[in-house]
Every structure is written in C-alpha cells, then in structure tokens.
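**Q** Right, I'll just put the structure down here and ask away after.
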Amino acid sequence: MKMLDVKTLGMENPGVPRPPANQRDTIDEKLEVWKREIPDLDIRTEGIVDRVGVIQKFLRRTHDETLEQFGLNWGETKVLGSLRYGGPP
C-alpha cells in the first residue's frame with residue numbers, strides 16, 4: 001500500500017526519487033525540543049499532525065485567494081453552498 005509522505009508531499013514509493021531522509025525542516029527542530037521535554041511522545045504522529053496543519057493553512061490561503069477573485073469570503077461561500085444544495089435554484 002502506498003502512503004503519502006506528509007513531509008515531502010510525495011507518495012512513499014521506492015520508484016520515485018525523494019529528498020534525502022536526513023533533510024530537516026522547522027517541524028523536525030520543534031519535535032526535537034518536545035522529545036527532550038516529553039521522552040515518551042510519539043514524535044512521528046506529532047510530526048504528521050503538524051505537517052497536516054501546514055497543508056491545511058496552505059490550502060486555506062489559496063482557497064481564500066481564489067474566493068477573493070470573485071469578491072467572496074469563506075463564510076459567504078458556505079452560505080451560497082447551503083442555499084444551492086438546500087433546494088432548487
């Protein structure tokens with residue numbers, strides 16, 4: 001089964017070139033500090049959660065930029081979606 005590598009946003013697949021495993025980012029640095037403070041902490045899970053948060057921020061920012069092109073914001077889009085799917089146009 002293939003899995004998404006949330007650090008590099010690539011599929012974990014031996015046939016696909018990937019950055020070196022020892023390539024570090026700011027989340028790795030933060031996790032080192034937490035690991036010293038809480039030795040039993042599951043840093044792999046924490047890393048996944050933190051990286052998913054980064055992805056979420058990126059998606060939200062790009063979504064907001066797209067909505068702005070149409071003069072809309074997130075809340076207005078949710079209302080329009082509720083109205084559209086709530087019954088006939």
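Residue numbering restarts at 1 for every chain of the structure tokens, chains are lettered A, B, ... in their displayed order, and ligands are numbered from 1 as they appear.
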Report as a PyMOL selection string all protein, DNA and RNA residues lying within 9 Å of Asp28 in chain A, evaluated on only C-alpha atoms, omitting residues in the same chain fewer than 5 positions from it.
**A** chain A and resi 33+43+47
**Q** Dump C-alpha atoms for the selected residues as a PDB file, in the first residue's frame?
**A**
```pdb
ATOM      1  CA  VAL A  33      12.624  20.044  21.712  1.00  0.00           C
ATOM      2  CA  ILE A  43       7.085  12.297  17.501  1.00  0.00           C
ATOM      3  CA  GLY A  47       5.065  15.386  13.015  1.00  0.00           C
TER       4      GLY A  47
END
```
